[in-house]
Amino acid sequence: MKTIFADMTRGIDEQMISRAGRILLDGGLVAFPTETVYGLGGNALDAEASGRIYAAKGRPSDNPLIVHIAEFGDLQKIVRSVPETAVILGRAFWPGPLTMILEKNETVPQATTGGLDTVAVRMPDHPVARALIRAGGGYVAAPSANTSGRPSPTKAEHVAEDLDGKIDMIIDGGPVGIGLESTIIDLTEEIPMVLRPGFISLEMLRELLGEVRMDPGLRSADPSFRPKAPGMKYRHYAPKADLTIVEGSQEKVQEAIRRLAREKKAAGEKVGIIATDESAALYEDGIVKSAGSRQNEITIAMHLYSILREFDELKVSVIYSEAFETPQMGQAIMNRLIKAAGHHVIHV
Ligand code: AMP
Ligand code: MG
C-alpha cells in the first residue's frame, strides 16, 4: 500500500482533511497528531476498520481501543448513560489528555473494545485531530500509531518508521505537546479508578470528584496481579537495549551511573545514559542524552520516547536512566519508564 503523506505542520489543509475523512468513512486508516502522542485512526463504529488497526500495529486483540470524539454531545450516542462524573470531568478537562471508561451501548462493536462491554472515550485537544474526527464521522478509534511494543510516536517520522506502507495516510502536525499517553479513569467503578497515569494527575481528579483510587495492579511487578486496563499488562515502550533505572538521591544516582557506565564500557558494551539538563555534563562514559530539565517536567515527558527510539537507532546495548520523581507528571513518566525497563530498577 502506498501511504499518502499530508503536511499540516503549518496549519490545517482542508482539502486533505476531507480526503482523510473519506478514507476513514471507507474503512481505511489515517495516522494523526494529538496533544499526547500520534494516533492511528479508523472508524470506531466499523468492526472491520478496528480489525485493520490491530493488524497494522500487530496489537493483541484483547487490548481495546480508545474512541476519539470532537463534541461532548456525541458521547451519549455510544454509551449507556452519561454519569454526572463524566459531565464534571468533561467540563474541566476536555478537550484534553483524559480518557474516560464508560458502559458502552450496541453502537460500538466489540471489535473496537477488545470484547469488553465498556468503552474508553477521549476528546483530544489538537485542531488537526478534531477536524479529522468531524470529517470521519465523529467517532475515531485510535491507539498510539506505533508497532506494538515500540515506544509511542511523538513525531510523524516515528509513525513512518513503524507504519509506512501499512496504512492509507500519515498527517504530520509537527512534534506533540505532551509526549505521554492520556490519563485513563474508569467511571464504571463505584469509586473512580485511574487505570493509567498521565498529564492529568490523581490530585487534579480528586479535587473534582473527591475519592479516586489508583489501580493497585499498576504498581505490581508480579505478572499474575493484573492491571485493569488490558493494555497495561504488556511490556510496551520497550527499547532494544537492556534498560535499567537508577533511583535514589541525585548525587548517589549520578555516582552509580558513572561507575556502571565505566564498567560496561570497559566490558565492550555500547552504553546509553538518560540524564537531565542539570546532570548531563557530569557523565564521562557512554552516549548521554538529556530528556529535559527537572525544573520543567513536561520537557522530560516530551522527549522520553524519542530518546528511546534514538538509542535503538544508535544500537546501544545497555541504557541507564536517572529516575524522574517529578511533582505532577512523575508518576506517569516513571510508569512508562519502569515498563520500558521491564521493572529493572536499582536503588542506591
Ligand atoms: P493506547 O490507545 O495505545 O494508548 O492504549 C489504550 C489503553 O486504554 C490500553 O491500555 C487499553 O487497555 C486501555 N483501554 C481501552 N479501552 C478500555 C476499556 N474499555 N477498559 C479498560 N481499559 C481500556
Ligand atoms: Mg499504545
# chains A, B, ... in the order shown; residues from 1 in each chain; ligands from 1
>>> residues_near_ligand(ligand="ligand 2", cutoff="6 Å", atoms="only C-alpha atoms and all ligand atoms", output="NGL selection string")
:A and (143-144 or 152)
>>> write_last_selection(atoms="all heavy atoms", output="PDB file, in the first residue's frame")
ATOM      1  N   PRO A 143      -5.489   3.998  18.738  1.00  0.00           N
ATOM      2  CA  PRO A 143      -4.396   3.724  19.670  1.00  0.00           C
ATOM      3  C   PRO A 143      -3.173   4.510  19.221  1.00  0.00           C
ATOM      4  O   PRO A 143      -3.217   5.183  18.177  1.00  0.00           O
ATOM      5  CB  PRO A 143      -4.160   2.225  19.489  1.00  0.00           C
ATOM      6  CG  PRO A 143      -4.533   1.965  18.065  1.00  0.00           C
ATOM      7  CD  PRO A 143      -5.632   2.959  17.721  1.00  0.00           C
ATOM      8  N   SER A 144      -2.102   4.439  19.963  1.00  0.00           N
ATOM      9  CA  SER A 144      -0.877   5.113  19.539  1.00  0.00           C
ATOM     10  C   SER A 144      -0.410   4.521  18.202  1.00  0.00           C
ATOM     11  O   SER A 144      -0.548   3.322  17.962  1.00  0.00           O
ATOM     12  CB  SER A 144       0.193   4.959  20.614  1.00  0.00           C
ATOM     13  OG  SER A 144       0.279   3.594  21.009  1.00  0.00           O
ATOM     14  N   SER A 152       5.760   4.842  21.908  1.00  0.00           N
ATOM     15  CA  SER A 152       4.712   5.607  21.215  1.00  0.00           C
ATOM     16  C   SER A 152       5.353   6.740  20.415  1.00  0.00           C
ATOM     17  O   SER A 152       6.354   7.311  20.823  1.00  0.00           O
ATOM     18  CB  SER A 152       3.733   6.198  22.223  1.00  0.00           C
ATOM     19  OG  SER A 152       3.022   5.158  22.848  1.00  0.00           O
TER      20      SER A 152
END
>>> closest_atom_pairs(of="chain A", to="ligand 1", cutoff="8 Å", atoms="only C-alpha atoms and all ligand atoms", output="JSON lines")
{"residue": "A:Gly39", "atom": "CA", "partner": "ligand 1", "partner_atom_place_in_ligand_line": "2 (O)", "distance": 7.5}
{"residue": "A:Asp62", "atom": "CA", "partner": "ligand 1", "partner_atom_place_in_ligand_line": "12 (O)", "distance": 8.0}
{"residue": "A:Asn63", "atom": "CA", "partner": "ligand 1", "partner_atom_place_in_ligand_line": "12 (O)", "distance": 4.8}
{"residue": "A:Pro64", "atom": "CA", "partner": "ligand 1", "partner_atom_place_in_ligand_line": "15 (C)", "distance": 4.3}
{"residue": "A:Leu65", "atom": "CA", "partner": "ligand 1", "partner_atom_place_in_ligand_line": "15 (C)", "distance": 4.8}
{"residue": "A:Ile66", "atom": "CA", "partner": "ligand 1", "partner_atom_place_in_ligand_line": "15 (C)", "distance": 5.1}
{"residue": "A:Ile101", "atom": "CA", "partner": "ligand 1", "partner_atom_place_in_ligand_line": "19 (N)", "distance": 5.7}
{"residue": "A:Leu102", "atom": "CA", "partner": "ligand 1", "partner_atom_place_in_ligand_line": "19 (N)", "distance": 7.3}
{"residue": "A:Thr113", "atom": "CA", "partner": "ligand 1", "partner_atom_place_in_ligand_line": "19 (N)", "distance": 5.7}
{"residue": "A:Gly114", "atom": "CA", "partner": "ligand 1", "partner_atom_place_in_ligand_line": "16 (N)", "distance": 7.6}
{"residue": "A:Leu116", "atom": "CA", "partner": "ligand 1", "partner_atom_place_in_ligand_line": "19 (N)", "distance": 6.0}
{"residue": "A:Asp117", "atom": "CA", "partner": "ligand 1", "partner_atom_place_in_ligand_line": "19 (N)", "distance": 7.0}
{"residue": "A:Thr118", "atom": "CA", "partner": "ligand 1", "partner_atom_place_in_ligand_line": "19 (N)", "distance": 4.3}
{"residue": "A:Val119", "atom": "CA", "partner": "ligand 1", "partner_atom_place_in_ligand_line": "19 (N)", "distance": 4.0}
{"residue": "A:Ala120", "atom": "CA", "partner": "ligand 1", "partner_atom_place_in_ligand_line": "16 (N)", "distance": 4.3}
{"residue": "A:Val121", "atom": "CA", "partner": "ligand 1", "partner_atom_place_in_ligand_line": "16 (N)", "distance": 7.9}
{"residue": "A:Ala142", "atom": "CA", "partner": "ligand 1", "partner_atom_place_in_ligand_line": "2 (O)", "distance": 5.9}
{"residue": "A:Pro143", "atom": "CA", "partner": "ligand 1", "partner_atom_place_in_ligand_line": "2 (O)", "distance": 3.0}
{"residue": "A:Ser144", "atom": "CA", "partner": "ligand 1", "partner_atom_place_in_ligand_line": "3 (O)", "distance": 4.4}
{"residue": "A:Ala145", "atom": "CA", "partner": "ligand 1", "partner_atom_place_in_ligand_line": "3 (O)", "distance": 7.8}
{"residue": "A:Ser152", "atom": "CA", "partner": "ligand 1", "partner_atom_place_in_ligand_line": "3 (O)", "distance": 7.8}
{"residue": "A:Glu181", "atom": "CA", "partner": "ligand 1", "partner_atom_place_in_ligand_line": "4 (O)", "distance": 5.6}
{"residue": "A:Ser182", "atom": "CA", "partner": "ligand 1", "partner_atom_place_in_ligand_line": "4 (O)", "distance": 7.0}
{"residue": "A:Ile184", "atom": "CA", "partner": "ligand 1", "partner_atom_place_in_ligand_line": "8 (O)", "distance": 6.8}
{"residue": "A:Asp186", "atom": "CA", "partner": "ligand 1", "partner_atom_place_in_ligand_line": "21 (C)", "distance": 7.2}
{"residue": "A:Leu195", "atom": "CA", "partner": "ligand 1", "partner_atom_place_in_ligand_line": "22 (N)", "distance": 7.0}
{"residue": "A:Arg196", "atom": "CA", "partner": "ligand 1", "partner_atom_place_in_ligand_line": "10 (O)", "distance": 7.3}
{"residue": "A:Lys228", "atom": "CA", "partner": "ligand 1", "partner_atom_place_in_ligand_line": "21 (C)", "distance": 6.0}
{"residue": "A:Ala229", "atom": "CA", "partner": "ligand 1", "partner_atom_place_in_ligand_line": "22 (N)", "distance": 3.5}
{"residue": "A:Pro230", "atom": "CA", "partner": "ligand 1", "partner_atom_place_in_ligand_line": "12 (O)", "distance": 3.8}
{"residue": "A:Gly231", "atom": "CA", "partner": "ligand 1", "partner_atom_place_in_ligand_line": "10 (O)", "distance": 3.3}
{"residue": "A:Met232", "atom": "CA", "partner": "ligand 1", "partner_atom_place_in_ligand_line": "10 (O)", "distance": 4.7}
{"residue": "A:Lys233", "atom": "CA", "partner": "ligand 1", "partner_atom_place_in_ligand_line": "10 (O)", "distance": 7.9}
>>> atom_distance(atom1="atom CA of Leu260 of chain A", atom2="atom CA of Ala280 of chain A")
15.3 Å
>>> closest_residue(among="A:Ala131, A:Val140, A:Val37, A:Val82", to="Met16 of chain A", atoms="only C-alpha atoms")
A:Ala131
>>> select_by_dssp(residues="segment 11-212 of chain A", states="strand (DSSP E)", output="MDAnalysis selection string")
chainID A and resid 30:32 39:43 66:68 98:103 118:122 140:141 169:172 183:186 193:196
>>> closest_residue(among="A:Asp13, A:Asp46, A:Glu211, A:Glu325", to="Glu189 of chain A", atoms="only C-alpha atoms")
A:Glu211
>>> closest_residue(among="A:His347, A:Arg262, A:Arg294, A:Arg309", to="Gly248 of chain A", atoms="only C-alpha atoms")
A:His347
>>> closest_residue(among="A:Val79, A:Ile333, A:Ile88, A:Ala55", to="Tyr305 of chain A", atoms="only C-alpha atoms")
A:Ile333
>>> closest_residue(among="A:Leu40, A:Leu187, A:Met1, A:Ala6", to="Pro83 of chain A", atoms="only C-alpha atoms")
A:Leu187
>>> residues_around(residues="Ala340 of chain A", least_positions_apart="6", cutoff="12 Å", atoms="only C-alpha atoms", output="ChimeraX atom specification")
/A:149-152,232-245,304-305,308-309,319-321,333-334
>>> closest_residue(among="A:Val159, A:Ile200, A:Val194, A:Ile338", to="Ser220 of chain A", atoms="only C-alpha atoms")
A:Ile338
>>> select_by_dssp(residues="segment 5-219 of chain A", states="helix (DSSP H, G or I)", output="PyMOL selection string")
chain A and resi 14-25+47-57+72-77+84-93+127-135+156-163+202-209+216-218
>>> residues_around(residues="Gly96 of chain A", least_positions_apart="5", cutoff="10 Å", atoms="only C-alpha atoms", output="ChimeraX atom specification")
/A:34-36,90,122-126,182-183,199-200
>>> atom_distance(atom1="atom CA of Ile133 of chain A", atom2="atom CA of Gly58 of chain A")
23.5 Å
>>> residues_around(residues="Ala111 of chain A", least_positions_apart="4", cutoff="7 Å", atoms="only C-alpha atoms", output="PyMOL selection string")
chain A and resi 47+50-51+115
>>> atom_distance(atom1="atom CA of Tyr283 of chain A", atom2="atom CA of Gly268 of chain A")
17.6 Å
>>> decode(residues="segment 219-245 of chain A", atoms="N, CA, C and O atoms", output="PDB file, in the first residue's frame")
ATOM      1  N   ARG A 219       1.129  -0.886  40.158  1.00  0.00           N
ATOM      2  CA  ARG A 219       2.408  -0.794  40.856  1.00  0.00           C
ATOM      3  C   ARG A 219       3.120  -2.130  40.964  1.00  0.00           C
ATOM      4  O   ARG A 219       4.261  -2.209  41.332  1.00  0.00           O
ATOM      5  N   SER A 220       2.396  -3.202  40.624  1.00  0.00           N
ATOM      6  CA  SER A 220       2.931  -4.517  40.884  1.00  0.00           C
ATOM      7  C   SER A 220       3.847  -5.010  39.768  1.00  0.00           C
ATOM      8  O   SER A 220       3.557  -4.877  38.595  1.00  0.00           O
ATOM      9  N   ALA A 221       4.956  -5.610  40.163  1.00  0.00           N
ATOM     10  CA  ALA A 221       5.860  -6.215  39.180  1.00  0.00           C
ATOM     11  C   ALA A 221       5.432  -7.664  38.946  1.00  0.00           C
ATOM     12  O   ALA A 221       5.944  -8.337  38.064  1.00  0.00           O
ATOM     13  N   ASP A 222       4.498  -8.156  39.783  1.00  0.00           N
ATOM     14  CA  ASP A 222       4.044  -9.541  39.703  1.00  0.00           C
ATOM     15  C   ASP A 222       3.061  -9.694  38.533  1.00  0.00           C
ATOM     16  O   ASP A 222       1.982  -9.123  38.546  1.00  0.00           O
ATOM     17  N   PRO A 223       3.412 -10.461  37.504  1.00  0.00           N
ATOM     18  CA  PRO A 223       2.571 -10.555  36.314  1.00  0.00           C
ATOM     19  C   PRO A 223       1.213 -11.212  36.576  1.00  0.00           C
ATOM     20  O   PRO A 223       0.291 -11.065  35.774  1.00  0.00           O
ATOM     21  N   SER A 224       1.060 -11.912  37.719  1.00  0.00           N
ATOM     22  CA  SER A 224      -0.236 -12.534  37.982  1.00  0.00           C
ATOM     23  C   SER A 224      -1.204 -11.523  38.614  1.00  0.00           C
ATOM     24  O   SER A 224      -2.393 -11.771  38.739  1.00  0.00           O
ATOM     25  N   PHE A 225      -0.698 -10.352  39.020  1.00  0.00           N
ATOM     26  CA  PHE A 225      -1.533  -9.313  39.612  1.00  0.00           C
ATOM     27  C   PHE A 225      -1.794  -8.269  38.537  1.00  0.00           C
ATOM     28  O   PHE A 225      -1.032  -7.330  38.362  1.00  0.00           O
ATOM     29  N   ARG A 226      -2.873  -8.477  37.791  1.00  0.00           N
ATOM     30  CA  ARG A 226      -3.047  -7.734  36.543  1.00  0.00           C
ATOM     31  C   ARG A 226      -3.683  -6.367  36.709  1.00  0.00           C
ATOM     32  O   ARG A 226      -4.671  -6.230  37.430  1.00  0.00           O
ATOM     33  N   PRO A 227      -3.172  -5.374  35.990  1.00  0.00           N
ATOM     34  CA  PRO A 227      -3.879  -4.093  35.948  1.00  0.00           C
ATOM     35  C   PRO A 227      -5.201  -4.240  35.217  1.00  0.00           C
ATOM     36  O   PRO A 227      -5.358  -5.157  34.394  1.00  0.00           O
ATOM     37  N   LYS A 228      -6.173  -3.348  35.496  1.00  0.00           N
ATOM     38  CA  LYS A 228      -7.495  -3.499  34.895  1.00  0.00           C
ATOM     39  C   LYS A 228      -7.504  -3.131  33.415  1.00  0.00           C
ATOM     40  O   LYS A 228      -8.249  -3.713  32.640  1.00  0.00           O
ATOM     41  N   ALA A 229      -6.722  -2.132  32.997  1.00  0.00           N
ATOM     42  CA  ALA A 229      -6.653  -1.803  31.566  1.00  0.00           C
ATOM     43  C   ALA A 229      -5.846  -2.902  30.886  1.00  0.00           C
ATOM     44  O   ALA A 229      -4.666  -3.076  31.192  1.00  0.00           O
ATOM     45  N   PRO A 230      -6.477  -3.648  29.974  1.00  0.00           N
ATOM     46  CA  PRO A 230      -5.768  -4.803  29.396  1.00  0.00           C
ATOM     47  C   PRO A 230      -4.403  -4.443  28.828  1.00  0.00           C
ATOM     48  O   PRO A 230      -3.460  -5.224  28.917  1.00  0.00           O
ATOM     49  N   GLY A 231      -4.274  -3.233  28.272  1.00  0.00           N
ATOM     50  CA  GLY A 231      -3.014  -2.850  27.633  1.00  0.00           C
ATOM     51  C   GLY A 231      -1.876  -2.647  28.610  1.00  0.00           C
ATOM     52  O   GLY A 231      -0.707  -2.726  28.242  1.00  0.00           O
ATOM     53  N   MET A 232      -2.196  -2.371  29.873  1.00  0.00           N
ATOM     54  CA  MET A 232      -1.138  -2.032  30.829  1.00  0.00           C
ATOM     55  C   MET A 232      -0.337  -3.261  31.259  1.00  0.00           C
ATOM     56  O   MET A 232       0.687  -3.138  31.906  1.00  0.00           O
ATOM     57  N   LYS A 233      -0.817  -4.454  30.918  1.00  0.00           N
ATOM     58  CA  LYS A 233      -0.068  -5.639  31.322  1.00  0.00           C
ATOM     59  C   LYS A 233       1.053  -5.967  30.343  1.00  0.00           C
ATOM     60  O   LYS A 233       1.975  -6.692  30.656  1.00  0.00           O
ATOM     61  N   TYR A 234       0.985  -5.404  29.139  1.00  0.00           N
ATOM     62  CA  TYR A 234       2.018  -5.702  28.153  1.00  0.00           C
ATOM     63  C   TYR A 234       3.265  -4.893  28.409  1.00  0.00           C
ATOM     64  O   TYR A 234       3.195  -3.783  28.908  1.00  0.00           O
ATOM     65  N   ARG A 235       4.423  -5.483  28.017  1.00  0.00           N
ATOM     66  CA  ARG A 235       5.655  -4.706  28.144  1.00  0.00           C
ATOM     67  C   ARG A 235       5.752  -3.785  26.926  1.00  0.00           C
ATOM     68  O   ARG A 235       6.327  -4.105  25.909  1.00  0.00           O
ATOM     69  N   HIS A 236       5.135  -2.625  27.053  1.00  0.00           N
ATOM     70  CA  HIS A 236       5.125  -1.600  25.993  1.00  0.00           C
ATOM     71  C   HIS A 236       6.489  -0.937  25.930  1.00  0.00           C
ATOM     72  O   HIS A 236       7.350  -1.180  26.746  1.00  0.00           O
ATOM     73  N   TYR A 237       6.588   0.021  25.059  1.00  0.00           N
ATOM     74  CA  TYR A 237       7.649   1.027  25.128  1.00  0.00           C
ATOM     75  C   TYR A 237       9.023   0.417  25.329  1.00  0.00           C
ATOM     76  O   TYR A 237       9.863   0.964  26.021  1.00  0.00           O
ATOM     77  N   ALA A 238       9.246  -0.772  24.785  1.00  0.00           N
ATOM     78  CA  ALA A 238      10.486  -1.454  25.101  1.00  0.00           C
ATOM     79  C   ALA A 238      11.586  -1.078  24.121  1.00  0.00           C
ATOM     80  O   ALA A 238      11.447  -1.291  22.937  1.00  0.00           O
ATOM     81  N   PRO A 239      12.687  -0.513  24.614  1.00  0.00           N
ATOM     82  CA  PRO A 239      13.826  -0.290  23.725  1.00  0.00           C
ATOM     83  C   PRO A 239      14.530  -1.624  23.476  1.00  0.00           C
ATOM     84  O   PRO A 239      14.293  -2.594  24.197  1.00  0.00           O
ATOM     85  N   LYS A 240      15.385  -1.664  22.452  1.00  0.00           N
ATOM     86  CA  LYS A 240      16.066  -2.929  22.157  1.00  0.00           C
ATOM     87  C   LYS A 240      17.162  -3.224  23.182  1.00  0.00           C
ATOM     88  O   LYS A 240      17.471  -4.372  23.447  1.00  0.00           O
ATOM     89  N   ALA A 241      17.744  -2.173  23.760  1.00  0.00           N
ATOM     90  CA  ALA A 241      18.809  -2.356  24.749  1.00  0.00           C
ATOM     91  C   ALA A 241      18.229  -2.750  26.108  1.00  0.00           C
ATOM     92  O   ALA A 241      17.032  -2.611  26.345  1.00  0.00           O
ATOM     93  N   ASP A 242      19.111  -3.216  26.988  1.00  0.00           N
ATOM     94  CA  ASP A 242      18.746  -3.500  28.372  1.00  0.00           C
ATOM     95  C   ASP A 242      18.677  -2.194  29.124  1.00  0.00           C
ATOM     96  O   ASP A 242      19.697  -1.528  29.300  1.00  0.00           O
ATOM     97  N   LEU A 243      17.488  -1.817  29.590  1.00  0.00           N
ATOM     98  CA  LEU A 243      17.329  -0.527  30.266  1.00  0.00           C
ATOM     99  C   LEU A 243      17.222  -0.733  31.778  1.00  0.00           C
ATOM    100  O   LEU A 243      16.449  -1.566  32.235  1.00  0.00           O
ATOM    101  N   THR A 244      18.017   0.020  32.526  1.00  0.00           N
ATOM    102  CA  THR A 244      17.969  -0.037  33.987  1.00  0.00           C
ATOM    103  C   THR A 244      17.757   1.375  34.529  1.00  0.00           C
ATOM    104  O   THR A 244      18.402   2.324  34.076  1.00  0.00           O
ATOM    105  N   ILE A 245      16.828   1.502  35.479  1.00  0.00           N
ATOM    106  CA  ILE A 245      16.585   2.805  36.108  1.00  0.00           C
ATOM    107  C   ILE A 245      17.353   2.844  37.417  1.00  0.00           C
ATOM    108  O   ILE A 245      17.343   1.860  38.168  1.00  0.00           O
TER     109      ILE A 245
END
